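All remarks here apply to the structure that follows.
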Amino acid sequence: MKPVRLMLGAALLCAIAAPDPAHAAGYQIYEQGSAVLGMAGAGTASVNDASALFFNPAALTRVDRTRFYIGSSILSPAVSFAGMPAYPGYGVTEEMNSQHFPLPTFYLTHRTASKWAVGFGVNTTYGLGVDWKNPDTYTGRYIVTKAKLTTINSTLSLAYELNPQWSVAAGGNVLLANVELHNRVQAVVPGGGGAVTDVAKADLEGDRTPGYGWNAALSFVPGTQWKLGAAYRSKVVVHEDGHADFTQILTGNAGFDAAVAASLPPDQNVSTVLRFPATWSAGIAFLPATDWTVEADVNYVEWKLFSDLPLYFKTTPSANQTIEENYDNTVQVRVGAEHRLTAFTYRFGYYFDQGAAPPESVSPLLPDADRHGATLGLGMRFGANKQWALDAYDLALFVNKRSTEGINRDGYDGEYKTFINSIGVTAELRW
Amino acid sequence: MKTSVRTLLALGYAALALAGCGKLKAINAPALQSGSADFSTYAALGTSISAGYQSGGLVVHHQQKSFVYLFAQQVGTPFTIPSVSADGLPPLLRLVSLSPLVINRNGRVAGSPTNATQPTPYHNMAVPGALLTDASSAANYGSGAFPLIARGSTPVSDQALSLSPTFLTIEYGANEVLGPATNGSGTSLSPPATFATDLTALLDKIAVAAPNAKFALVNVPDVTSIPFVTTFPAVVLDATGNPVLPLIPLIGSESGSPAPLSPLDHVLLTAAPSLANGDGFPVGTFSYLTGAPGTGVALPNSVVLSTSEAASIQATVNAYNVTIASLATARGGALLDLNALLRQAATTGFTYQGQLYTSDFVTGGLFSLDGVHPTDIAHGILCNALIDAVNTKFGAKIQHVNLASVASNNSSKMLPSRLEGRVLPQIQYEEGKAGWTMFPWRSGEDR
């Protein structure tokens with residue numbers, strides 16, 4: 001158990017060393033199964049528990065009996081920022097508040113006596129949390145002080161075994177999404193030296209709205225040493241309604257405050273479009289011995305879908321905004337290995353996740369960048385007939401330091417640094 | 001053996017995780033590099049713009065925000081100024097009320113010089129109101145700001161050169177055209193040919209006295225695009241601030257007798273008392289400042305700059321700027337294109353810290369309450385443009401000044417508003433113009 005202690009110790013020490021961790025970039029969440037995550041998410045070919053519903057539903061035909069799978073990851077990001085010209089300039093540092101995001105996962109799968117398998121699951125496939133420290137003085141508060149994107153994804157997939165080598169699957173999913181955005185409205189103080197002051201708080205909150213998608217997958221096991229898999233999860237577009245509130249911040253200048261009050265938009269309904277990209281996955285697993293599995297996966301995420309985040313104001317359409325993002329499609333490469341010992345199984349892996357945001361879109365809302373993830377995992381089986389499986393993993397995700405290169409669209413330039421630790425435990429019962 | 005491999009793996013992982021969780025340290029500005037220039041002794045010659053004159057007066061907290069002062073700070077060189085204590089000389093204007101717009105000096109007291117006994121000339125020898133000829137001639141030093149800054153009969157250029165400057169900025173020409181513009185006249189105080197001769201002579205003098213000194217020339221802004229000239233429309237407005245249609249021109253006296261103005265004529269800020277009284281408004285219409293009934297009395301010629309007078313001034317400015325640009329090139333100086341900056345302010349504006357800064361009077365953020373002189377943040381923008389020009393010309397690496405730390409909001413504290421009367425349309429906030437959008441991140445686009 002030494003590696004476990006070290007792993008947990010590292011996570012704990014990190015929490016102490018960085019007392020103000022916060023949140024990160026790109027809003028796809030791949031932490032959907034502890035065993036596969038122990039192998040850095042390389043499981044499209046070799047996944048062999050109920051999390052196949054996410055990683056490769058076609059592999060559900062190789063997940064025997066009925067499985068009840070429950071668990072959670074906790075994502076703990078730490079984000080810091082160092083300013084550069086023109087704004088906020090050299091010498092400025094900012095950081096996000098400490099945040100920990102629990103991401104529960106639930107799957108129920110069943111392999112029939114015939115050639116069919118079915119799976120149902122609920123998980124969180126996308127999410128974002130931004131919470132900059134000291135919102136009253138945070139230099140980027142005119143862009144965002146706090147933002148939250150939460151999703152609840154329900155999937156139902158059906159898999160069919162064509163023959164012992166080939167399986168296929170298809171299914172649908174409902175994604176419930178909700179977004180919150182908070183910032184400060186600022187204005188140039190009239191008659192002053194050009195300084196700006198906060199004149200209002202703007203709070204936008206969506207109603208949880210569903211969007212729909214589908215999935216398809218393929219699993220091919222040509223022999224005892226090789227496994228191949230491919231999966232596709234479609235895009236989901238959510239048209240969300242919500243409400244925007246504007247709360248005036250009095251400056252103490254009666255004339256100015258009166259002008260602000262006269263021009264501040266009224267509280268009103270607002271709508272937006274949330275876009276969740278499609279993902280293509282392909283994996284190949286090699287079993288050099290009966291107790292070892294090595295897998296390499298490539299994922300292709302169609303982030304181009306995230307072109308912008310529009311905000312439509314119902315009462316004052318002249319206040320409509322489109323937050324341009326213009327993301328690019330990205331590639332992830334994931335490699336992992338599993339070694340099955342008698343007492344326990346250990347896993348490790350590495351992945352590279354390409355940043356999707358162009359430098360002008362690297363912002364306090366989404367400080368996206370290339371990422372390198374290192375994972376360690378442990379698994380144990382116990383109980384009568386070993387019907388219980390307990391798996392745990394830890395992911396240390398190093399997001400490359402990313403500069404806005406002086407061209408950020410909001411005129412907020414500098415470098416972002418993000419580190420994310422994700423730790424997860426899942427339990428699976430089969431009967 | 002296998003166990004130790006696993007332990008090593010875990011140890012390596014723990015080390016990696018710890019390495020990743022430190023937060024970013026502040027990024028410091030790169031060190032200054034002077035390139036082929038030497039900034040060890042810097043002197044500034046020029047007008048009210050270089051002097052840091054704002055809101056109708058000189059006061060230390062704005063003198064220390066003038067673009068030449070900021071430049072001296074960025075290059076790390078000593079820079080003495082003829083500082084004046086609050087509330088300035090003359091006491092600065094302040095914004096009393098936005099609605100109606102009331103700007104005055106009531107309750108302000110005159111400041112006094114706080115550095116008048118400095119034994120050496122000031123590094124900033126720019127004098128509000130100075131013409132180019134005043135740089136080398138003390139003939140007019142008995143009045144205005146000259147006694148405060150020139151302190152005697154030695155020409156300011158001689159005083160600046162006595163400091164043995166290694167670098168100079170030279171900014172003249174604005175008053176040659178500003179005076180006529182603000183008096184409603186189109187005749188400059190110096191024909192372009194004279195201006196060219198005088199500037200050549202000044203540069204010759206510098207070349208003799210300080211042969212190794214590098215310099216930057218500042219060109220002349222189009223003074224017909226400043227709020228002093230552009231704020232009041234020449235037509236009658238309705239209560240919502242929109243022109244009454246068909247257009248009803250105000251009454252002027254450009255030709256000597258009362259006559260309707262052209263809608264494109266410029267009614268100057270100095271017309272405010274007349275406009276408030278209803279003068280200039282035809283009988284049956286109402287003042288857009290106060291709602292007073294139109295008196296039908298013509299506005300004085302001195303408060304109106306006609307389109308032809310404005311065109312004459314612009315032609316002079318263009319001629320001055322051709323001279324300045326060619327001399328900068330010929331003599332190896334840098335050129336600060338103040339004219340282009342002002343044009344940008346008057347057209348697209350500048351976006352900084354999520355705010356759009358424009359030439360709008362009072363609310364635009366770039367012009368002080370006199371409608372002529374730049375605010376602190378506008379001086380910061382000028383300084384950064386000067387730095388860009390100097391860096392390019394001399395291969396220097398001077399860092400931009402941080403505009404957020406330059407911009408102040410305390411120059412003109414407002415008293416409680418008096419809400420009676422009408423609202424001056426130009427100072428109303430408009431959506432998208434003064435940052436009045438809910439999430440001012442991007443330019444909005446309806447879909």
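In the structure tokens, chains take the letters A, B, ... in the order shown, each chain's residues start at 1, and ligands count up from 1 in the order shown.
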
Which residues come within 12 Å of range 72-78 of chain B, counting only C-alpha atoms, excluding same-chain residues fewer than 6 positions away, as a PyMOL selection string?
-> chain B and resi 29-35+37-44+50+64-66+122-124+163+165-169+380+383-384+386-387+390-391+396-402+406

I need the chosen residues saved as a compact mmCIF listing (two decimals), in the first residue's frame, with N, CA and C atoms.
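What landed in selection11.txt:
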# COMPACT_ATOMS: atom_id res chain seq x y z
N ALA B 29 8.98 43.65 -15.32
CA ALA B 29 9.28 44.31 -16.59
C ALA B 29 10.73 44.05 -16.96
N PRO B 30 10.99 43.79 -18.25
CA PRO B 30 12.38 43.62 -18.68
C PRO B 30 13.17 44.90 -18.40
N ALA B 31 14.46 44.74 -18.25
CA ALA B 31 15.31 45.89 -17.92
C ALA B 31 15.32 46.90 -19.07
N LEU B 32 15.49 48.15 -18.68
CA LEU B 32 15.56 49.24 -19.66
C LEU B 32 16.82 49.11 -20.51
N GLN B 33 16.64 49.31 -21.81
CA GLN B 33 17.79 49.42 -22.70
C GLN B 33 17.65 50.71 -23.48
N SER B 34 18.69 51.51 -23.49
CA SER B 34 18.61 52.83 -24.11
C SER B 34 18.86 52.82 -25.60
N GLY B 35 19.37 51.73 -26.12
CA GLY B 35 19.69 51.70 -27.54
C GLY B 35 20.75 52.75 -27.85
N ALA B 37 20.22 55.87 -27.85
CA ALA B 37 19.92 57.13 -27.14
C ALA B 37 20.48 57.09 -25.74
N ASP B 38 20.61 58.28 -25.15
CA ASP B 38 21.11 58.41 -23.78
C ASP B 38 20.09 59.26 -23.04
N PHE B 39 19.45 58.68 -22.04
CA PHE B 39 18.37 59.39 -21.35
C PHE B 39 18.83 59.98 -20.01
N SER B 40 20.15 60.06 -19.82
CA SER B 40 20.62 60.46 -18.48
C SER B 40 20.20 61.89 -18.13
N THR B 41 20.10 62.78 -19.12
CA THR B 41 19.58 64.13 -18.85
C THR B 41 18.52 64.43 -19.91
N TYR B 42 17.30 64.50 -19.44
CA TYR B 42 16.19 64.66 -20.37
C TYR B 42 15.51 65.99 -20.11
N ALA B 43 15.28 66.76 -21.16
CA ALA B 43 14.58 68.04 -21.02
C ALA B 43 13.44 68.08 -22.02
N ALA B 44 12.34 68.72 -21.60
CA ALA B 44 11.16 68.82 -22.47
C ALA B 44 10.87 70.28 -22.77
N SER B 50 2.68 69.24 -22.90
CA SER B 50 3.87 68.71 -22.20
C SER B 50 3.89 69.18 -20.74
N GLN B 64 2.61 65.79 -12.75
CA GLN B 64 3.35 64.53 -12.63
C GLN B 64 2.72 63.40 -13.45
N LYS B 65 1.67 63.70 -14.17
CA LYS B 65 1.07 62.71 -15.08
C LYS B 65 1.26 63.12 -16.53
N SER B 66 1.96 64.25 -16.77
CA SER B 66 2.15 64.65 -18.16
C SER B 66 3.00 63.59 -18.86
N TYR B 122 14.20 74.03 -14.83
CA TYR B 122 13.45 72.78 -14.71
C TYR B 122 13.76 71.88 -15.92
N HIS B 123 13.65 70.59 -15.69
CA HIS B 123 13.76 69.67 -16.83
C HIS B 123 12.55 69.82 -17.75
N ASN B 124 11.40 70.12 -17.15
CA ASN B 124 10.23 70.37 -17.98
C ASN B 124 10.07 71.86 -18.19
N LEU B 163 21.10 72.65 -19.29
CA LEU B 163 21.16 71.41 -18.50
C LEU B 163 22.03 70.35 -19.18
N PRO B 165 21.32 68.60 -22.01
CA PRO B 165 20.47 67.42 -22.17
C PRO B 165 21.07 66.42 -23.14
N THR B 166 20.83 65.15 -22.83
CA THR B 166 21.21 64.08 -23.76
C THR B 166 20.01 63.64 -24.58
N PHE B 167 18.83 64.05 -24.12
CA PHE B 167 17.60 63.71 -24.84
C PHE B 167 16.59 64.84 -24.63
N LEU B 168 15.87 65.18 -25.72
CA LEU B 168 14.85 66.23 -25.63
C LEU B 168 13.57 65.79 -26.32
N THR B 169 12.46 66.30 -25.82
CA THR B 169 11.22 66.23 -26.60
C THR B 169 10.80 67.66 -26.91
N GLY B 380 -0.95 59.01 -20.44
CA GLY B 380 -0.34 57.68 -20.43
C GLY B 380 -0.27 57.09 -21.83
N CYS B 383 2.37 58.90 -23.71
CA CYS B 383 3.69 58.45 -23.27
C CYS B 383 4.05 57.12 -23.93
N ASN B 384 3.08 56.21 -23.98
CA ASN B 384 3.36 54.90 -24.59
C ASN B 384 3.62 55.02 -26.09
N LEU B 386 4.97 57.67 -27.43
CA LEU B 386 6.32 58.25 -27.49
C LEU B 386 7.36 57.15 -27.28
N ILE B 387 7.09 56.28 -26.32
CA ILE B 387 8.01 55.17 -26.06
C ILE B 387 8.15 54.29 -27.30
N VAL B 390 10.31 56.13 -29.82
CA VAL B 390 11.72 56.19 -29.39
C VAL B 390 12.35 54.80 -29.51
N ASN B 391 11.63 53.78 -29.08
CA ASN B 391 12.15 52.42 -29.19
C ASN B 391 12.47 52.07 -30.65
N ALA B 396 15.84 51.34 -28.67
CA ALA B 396 15.77 51.25 -27.21
C ALA B 396 14.71 50.22 -26.80
N LYS B 397 14.74 49.82 -25.54
CA LYS B 397 13.69 48.97 -24.99
C LYS B 397 13.20 49.62 -23.71
N ILE B 398 12.26 50.53 -23.89
CA ILE B 398 11.64 51.20 -22.75
C ILE B 398 10.26 50.59 -22.59
N GLN B 399 9.92 50.26 -21.35
CA GLN B 399 8.61 49.64 -21.13
C GLN B 399 7.50 50.66 -21.10
N HIS B 400 6.35 50.25 -21.57
CA HIS B 400 5.17 51.11 -21.50
C HIS B 400 4.82 51.44 -20.05
N VAL B 401 4.24 52.60 -19.87
CA VAL B 401 3.72 52.96 -18.57
C VAL B 401 2.40 52.20 -18.38
N ASN B 402 2.11 51.79 -17.17
CA ASN B 402 0.87 51.08 -16.87
C ASN B 402 -0.27 52.09 -16.75
N VAL B 406 -1.73 55.09 -13.96
CA VAL B 406 -1.68 56.51 -14.31
C VAL B 406 -3.05 57.15 -14.12

Please report, as number ranges by chain, each residue of range 198-280 of chain A to which DSSP assigns alpha helix (DSSP H) when run on this structure's backbone.
-> A: 254-263

Keeping only C-alpha atoms, write the selected residues to a file as a JSON list (two decimals), in the first residue's frame.
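Below is the file part.json, written as the result:
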[["chain", "number", "residue", "atom", "x", "y", "z"],
["A", 254, "ALA", "CA", -24.89, 61.49, -6.77],
["A", 255, "GLY", "CA", -24.84, 62.84, -10.31],
["A", 256, "PHE", "CA", -22.82, 59.92, -11.61],
["A", 257, "ASP", "CA", -24.96, 57.43, -9.70],
["A", 258, "ALA", "CA", -28.11, 58.95, -11.19],
["A", 259, "ALA", "CA", -26.65, 58.59, -14.69],
["A", 260, "VAL", "CA", -25.71, 54.98, -13.93],
["A", 261, "ALA", "CA", -29.19, 54.22, -12.58],
["A", 262, "ALA", "CA", -30.76, 55.70, -15.70],
["A", 263, "SER", "CA", -28.67, 53.64, -18.08]]

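We find CA of Asp222 in chain B and CA of Gln314 in chain B to be spaced 6.2 Å apart.
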
Residue set, range 181-353 of chain B restricted to strand (DSSP E or B), as an MDAnalysis selection string | chainID B and resid 214:218 232 235 237 243 249 251:252 259:260 266:267 286 293 304:305 334:336 350:352

Determine, for each residue of chain A having at least one atom at most 7 Å from an atom of chain B, the closest pair of atoms and their separation in Å to one decimal, counting only C-alpha atoms; order by chain and ascending number, as JSON lines.
{"residue": "A:Lys2", "atom": "CA", "partner": "B:Thr7", "partner_atom": "CA", "distance": 6.9}
{"residue": "A:Pro3", "atom": "CA", "partner": "B:Ala10", "partner_atom": "CA", "distance": 5.2}
{"residue": "A:Leu6", "atom": "CA", "partner": "B:Ala10", "partner_atom": "CA", "distance": 6.2}
{"residue": "A:Met7", "atom": "CA", "partner": "B:Ala14", "partner_atom": "CA", "distance": 6.1}
{"residue": "A:Ala10", "atom": "CA", "partner": "B:Ala14", "partner_atom": "CA", "distance": 4.9}
{"residue": "A:Cys14", "atom": "CA", "partner": "B:Leu18", "partner_atom": "CA", "distance": 5.6}
{"residue": "A:Ala18", "atom": "CA", "partner": "B:Cys21", "partner_atom": "CA", "distance": 6.1}
{"residue": "A:Ala78", "atom": "CA", "partner": "B:Cys21", "partner_atom": "CA", "distance": 6.9}
{"residue": "A:Ser80", "atom": "CA", "partner": "B:Lys23", "partner_atom": "CA", "distance": 5.5}
{"residue": "A:Phe81", "atom": "CA", "partner": "B:Leu24", "partner_atom": "CA", "distance": 6.2}
{"residue": "A:Ala82", "atom": "CA", "partner": "B:Ala26", "partner_atom": "CA", "distance": 5.2}
{"residue": "A:Gly83", "atom": "CA", "partner": "B:Ile27", "partner_atom": "CA", "distance": 6.7}
{"residue": "A:Ala86", "atom": "CA", "partner": "B:Asn402", "partner_atom": "CA", "distance": 6.8}
{"residue": "A:Tyr87", "atom": "CA", "partner": "B:Gln353", "partner_atom": "CA", "distance": 6.3}
{"residue": "A:Gly89", "atom": "CA", "partner": "B:Asn402", "partner_atom": "CA", "distance": 6.0}
{"residue": "A:Tyr90", "atom": "CA", "partner": "B:Asn28", "partner_atom": "CA", "distance": 5.4}
{"residue": "A:Gly91", "atom": "CA", "partner": "B:Ala26", "partner_atom": "CA", "distance": 4.9}
{"residue": "A:Val92", "atom": "CA", "partner": "B:Ala26", "partner_atom": "CA", "distance": 6.0}
{"residue": "A:Thr93", "atom": "CA", "partner": "B:Ala26", "partner_atom": "CA", "distance": 5.5}
{"residue": "A:Tyr142", "atom": "CA", "partner": "B:Gly354", "partner_atom": "CA", "distance": 6.7}
{"residue": "A:Ile143", "atom": "CA", "partner": "B:Trp441", "partner_atom": "CA", "distance": 5.9}
{"residue": "A:Val185", "atom": "CA", "partner": "B:Met438", "partner_atom": "CA", "distance": 6.5}
{"residue": "A:Gln186", "atom": "CA", "partner": "B:Gly435", "partner_atom": "CA", "distance": 6.8}
{"residue": "A:Ala187", "atom": "CA", "partner": "B:Gly435", "partner_atom": "CA", "distance": 5.8}
{"residue": "A:Val188", "atom": "CA", "partner": "B:Gly365", "partner_atom": "CA", "distance": 6.2}
{"residue": "A:Val189", "atom": "CA", "partner": "B:Asn409", "partner_atom": "CA", "distance": 6.1}
{"residue": "A:Pro190", "atom": "CA", "partner": "B:Thr363", "partner_atom": "CA", "distance": 4.7}
{"residue": "A:Gly191", "atom": "CA", "partner": "B:Val362", "partner_atom": "CA", "distance": 4.8}
{"residue": "A:Gly192", "atom": "CA", "partner": "B:Asn409", "partner_atom": "CA", "distance": 4.4}
{"residue": "A:Gly193", "atom": "CA", "partner": "B:Ser408", "partner_atom": "CA", "distance": 4.5}
{"residue": "A:Gly194", "atom": "CA", "partner": "B:Gly365", "partner_atom": "CA", "distance": 4.6}
{"residue": "A:Ala195", "atom": "CA", "partner": "B:Ala407", "partner_atom": "CA", "distance": 4.6}
{"residue": "A:Ala202", "atom": "CA", "partner": "B:Met438", "partner_atom": "CA", "distance": 6.5}
{"residue": "A:Asn253", "atom": "CA", "partner": "B:Met414", "partner_atom": "CA", "distance": 6.2}
{"residue": "A:Ala254", "atom": "CA", "partner": "B:Pro416", "partner_atom": "CA", "distance": 5.1}
{"residue": "A:Gly255", "atom": "CA", "partner": "B:Ser417", "partner_atom": "CA", "distance": 4.4}
{"residue": "A:Phe256", "atom": "CA", "partner": "B:Leu98", "partner_atom": "CA", "distance": 6.9}
{"residue": "A:Ser263", "atom": "CA", "partner": "B:Tyr429", "partner_atom": "CA", "distance": 6.6}
{"residue": "A:Ala319", "atom": "CA", "partner": "B:Thr437", "partner_atom": "CA", "distance": 5.4}
{"residue": "A:Asn320", "atom": "CA", "partner": "B:Gly444", "partner_atom": "CA", "distance": 5.6}
{"residue": "A:Gln321", "atom": "CA", "partner": "B:Gly444", "partner_atom": "CA", "distance": 4.0}
{"residue": "A:Thr322", "atom": "CA", "partner": "B:Gly444", "partner_atom": "CA", "distance": 5.3}
{"residue": "A:Ile323", "atom": "CA", "partner": "B:Arg442", "partner_atom": "CA", "distance": 5.7}
{"residue": "A:Ala396", "atom": "CA", "partner": "B:Ala17", "partner_atom": "CA", "distance": 5.6}
{"residue": "A:Phe398", "atom": "CA", "partner": "B:Gly20", "partner_atom": "CA", "distance": 6.2}
{"residue": "A:Asp410", "atom": "CA", "partner": "B:Trp441", "partner_atom": "CA", "distance": 5.4}
{"residue": "A:Gly411", "atom": "CA", "partner": "B:Gln353", "partner_atom": "CA", "distance": 6.3}
{"residue": "A:Lys417", "atom": "CA", "partner": "B:Leu24", "partner_atom": "CA", "distance": 6.4}
{"residue": "A:Phe419", "atom": "CA", "partner": "B:Cys21", "partner_atom": "CA", "distance": 5.6}

Export of the given selection (N, CA and C atoms) as a tab-separated table (two decimals), in the first residue's frame:
chain	number	residue	atom	x	y	z
A	2	LYS	N	2.14	1.10	-0.01
A	2	LYS	CA	2.99	2.29	0.01
A	2	LYS	C	2.66	3.30	-1.09
A	3	PRO	N	2.51	2.82	-2.34
A	3	PRO	CA	2.22	3.78	-3.40
A	3	PRO	C	0.94	4.57	-3.12
A	6	LEU	N	1.74	7.31	-0.68
A	6	LEU	CA	2.51	8.37	-1.34
A	6	LEU	C	1.61	9.24	-2.21
A	7	MET	N	0.70	8.54	-2.90
A	7	MET	CA	-0.20	9.23	-3.81
A	7	MET	C	-1.09	10.19	-3.05
A	10	ALA	N	0.87	13.05	-1.63
A	10	ALA	CA	1.19	14.10	-2.60
A	10	ALA	C	0.00	15.03	-2.80
A	14	CYS	N	0.00	18.91	-1.73
A	14	CYS	CA	-0.27	19.93	-2.74
A	14	CYS	C	-1.33	20.88	-2.23
A	18	ALA	N	-0.36	24.73	-1.86
A	18	ALA	CA	-1.09	25.72	-2.65
A	18	ALA	C	-2.43	25.94	-1.97
A	78	ALA	N	-5.87	24.41	-9.28
A	78	ALA	CA	-5.19	25.58	-8.74
A	78	ALA	C	-4.77	26.44	-9.93
A	80	SER	N	-3.37	30.23	-11.25
A	80	SER	CA	-2.79	31.53	-10.92
A	80	SER	C	-2.48	32.27	-12.21
A	81	PHE	N	-2.30	33.58	-12.08
A	81	PHE	CA	-2.14	34.46	-13.23
A	81	PHE	C	-1.10	35.51	-12.90
A	82	ALA	N	-0.26	35.81	-13.87
A	82	ALA	CA	0.70	36.91	-13.72
A	82	ALA	C	0.51	37.87	-14.88
A	83	GLY	N	0.30	39.13	-14.57
A	83	GLY	CA	-0.06	40.12	-15.57
A	83	GLY	C	1.10	40.59	-16.42
A	86	ALA	N	-0.79	45.21	-22.10
A	86	ALA	CA	-1.03	46.51	-21.57
A	86	ALA	C	-1.75	46.47	-20.22
A	87	TYR	N	-2.72	45.60	-20.09
A	87	TYR	CA	-3.45	45.50	-18.83
A	87	TYR	C	-3.52	44.05	-18.41
A	89	GLY	N	-0.76	44.61	-16.57
A	89	GLY	CA	0.62	45.07	-16.47
A	89	GLY	C	1.50	44.17	-15.63
A	90	TYR	N	2.80	44.45	-15.70
A	90	TYR	CA	3.79	43.68	-14.94
A	90	TYR	C	3.54	43.81	-13.44
A	91	GLY	N	3.94	42.78	-12.73
A	91	GLY	CA	3.90	42.85	-11.27
A	91	GLY	C	2.58	42.43	-10.67
A	92	VAL	N	1.54	42.27	-11.49
A	92	VAL	CA	0.21	41.91	-10.97
A	92	VAL	C	0.10	40.38	-10.94
A	93	THR	N	-0.33	39.87	-9.82
A	93	THR	CA	-0.64	38.44	-9.76
A	93	THR	C	-2.06	38.26	-9.24
A	142	TYR	N	-13.97	42.89	-14.66
A	142	TYR	CA	-14.86	43.36	-15.73
A	142	TYR	C	-15.14	42.25	-16.74
A	143	ILE	N	-14.37	41.17	-16.67
A	143	ILE	CA	-14.59	40.03	-17.56
A	143	ILE	C	-15.41	38.97	-16.83
A	185	VAL	N	-19.71	45.50	-13.81
A	185	VAL	CA	-19.80	46.51	-14.86
A	185	VAL	C	-19.02	47.72	-14.37
A	186	GLN	N	-18.13	48.20	-15.21
A	186	GLN	CA	-17.31	49.34	-14.83
A	186	GLN	C	-17.57	50.49	-15.78
A	187	ALA	N	-17.24	51.69	-15.35
A	187	ALA	CA	-17.39	52.86	-16.21
A	187	ALA	C	-16.29	53.85	-15.88
A	188	VAL	N	-15.95	54.64	-16.88
A	188	VAL	CA	-14.97	55.70	-16.67
A	188	VAL	C	-15.62	56.78	-15.80
A	189	VAL	N	-14.92	57.19	-14.75
A	189	VAL	CA	-15.48	58.23	-13.87
A	189	VAL	C	-15.57	59.53	-14.66
A	190	PRO	N	-16.77	60.10	-14.80
A	190	PRO	CA	-16.87	61.32	-15.61
A	190	PRO	C	-16.09	62.47	-15.00
A	191	GLY	N	-15.40	63.18	-15.84
A	191	GLY	CA	-14.66	64.35	-15.38
A	191	GLY	C	-13.40	64.01	-14.61
A	192	GLY	N	-13.02	62.75	-14.55
A	192	GLY	CA	-11.82	62.36	-13.81
A	192	GLY	C	-10.64	62.19	-14.74
A	193	GLY	N	-9.63	61.49	-14.21
A	193	GLY	CA	-8.41	61.34	-14.99
A	193	GLY	C	-8.39	60.11	-15.87
A	194	GLY	N	-9.55	59.50	-16.05
A	194	GLY	CA	-9.62	58.34	-16.92
A	194	GLY	C	-9.74	57.03	-16.16
A	195	ALA	N	-9.80	57.09	-14.83
A	195	ALA	CA	-9.91	55.86	-14.05
A	195	ALA	C	-11.31	55.28	-14.19
A	202	ALA	N	-23.17	42.31	-12.28
A	202	ALA	CA	-24.03	41.63	-13.24
A	202	ALA	C	-24.00	40.13	-12.93
A	253	ASN	N	-20.95	59.55	-5.82
A	253	ASN	CA	-21.18	60.75	-6.62
A	253	ASN	C	-22.63	60.72	-7.10
A	254	ALA	N	-23.45	61.58	-6.51
A	254	ALA	CA	-24.89	61.49	-6.77
A	254	ALA	C	-25.21	61.65	-8.24
A	255	GLY	N	-24.55	62.60	-8.90
A	255	GLY	CA	-24.84	62.84	-10.31
A	255	GLY	C	-24.47	61.64	-11.16
A	256	PHE	N	-23.30	61.09	-10.88
A	256	PHE	CA	-22.82	59.92	-11.61
A	256	PHE	C	-23.75	58.73	-11.34
A	263	SER	N	-29.11	54.39	-16.90
A	263	SER	CA	-28.67	53.64	-18.08
A	263	SER	C	-28.45	52.15	-17.81
A	319	ALA	N	-28.17	45.12	-25.60
A	319	ALA	CA	-27.10	44.68	-24.69
A	319	ALA	C	-26.58	43.30	-25.07
A	320	ASN	N	-27.14	42.69	-26.14
A	320	ASN	CA	-26.69	41.35	-26.53
A	320	ASN	C	-25.17	41.31	-26.71
A	321	GLN	N	-24.60	40.20	-26.30
A	321	GLN	CA	-23.16	40.03	-26.40
A	321	GLN	C	-22.85	38.68	-27.01
A	322	THR	N	-21.75	38.61	-27.73
A	322	THR	CA	-21.26	37.32	-28.18
A	322	THR	C	-19.81	37.20	-27.73
A	323	ILE	N	-19.58	36.29	-26.81
A	323	ILE	CA	-18.22	36.06	-26.35
A	323	ILE	C	-17.57	35.11	-27.35
A	396	ALA	N	-2.39	13.69	-11.72
A	396	ALA	CA	-1.74	15.00	-11.60
A	396	ALA	C	-1.70	15.58	-13.00
A	398	PHE	N	-0.83	18.58	-15.39
A	398	PHE	CA	0.00	19.78	-15.52
A	398	PHE	C	-0.44	20.54	-16.76
A	410	ASP	N	-10.21	40.44	-24.52
A	410	ASP	CA	-10.74	41.35	-23.50
A	410	ASP	C	-9.70	42.39	-23.08
A	411	GLY	N	-8.54	42.38	-23.71
A	411	GLY	CA	-7.49	43.31	-23.30
A	411	GLY	C	-6.94	42.96	-21.93
A	417	LYS	N	-1.24	29.80	-15.10
A	417	LYS	CA	-0.68	28.49	-14.75
A	417	LYS	C	-1.77	27.72	-14.01
A	419	PHE	N	-2.77	23.86	-12.30
A	419	PHE	CA	-2.48	22.48	-11.92
A	419	PHE	C	-3.78	21.89	-11.39

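For the pair CA of Arg409 in chain A and CA of Ser361 in chain A, the interatomic distance is 6.4 Å.
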
Find the distance between CA of Phe232 in chain B and CA of Tyr320 in chain B and write it in Å to one decimal.
-> 27.5 Å

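Residues in contact with Ser255 in chain B at up to 12 Å, not including ones fewer than 2 positions away on its chain and judged by only C-alpha atoms, are Ile251, Gly252, Ser253, Ser257, Pro258, Ala259, Pro260, Leu261, Ala298, Leu299, Pro300, Asn301, Ser302, Val304, Leu305 and Ser306 of chain B.
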
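Excluding range 214-223 of chain A itself and same-chain residues fewer than 6 positions from it, the residues having an atom within 8 Å of it are Ala45, Asn56, Pro57, Ala58, Ala59, Ser157, Pro164, Gln165, Trp166, Ser167, Val168, Ala169, Ala170, Gly171, Gly172, Asn173, Gly229, Ala230, Ala231, Tyr232, Arg233 and Ser234 of chain A, counting only C-alpha atoms.
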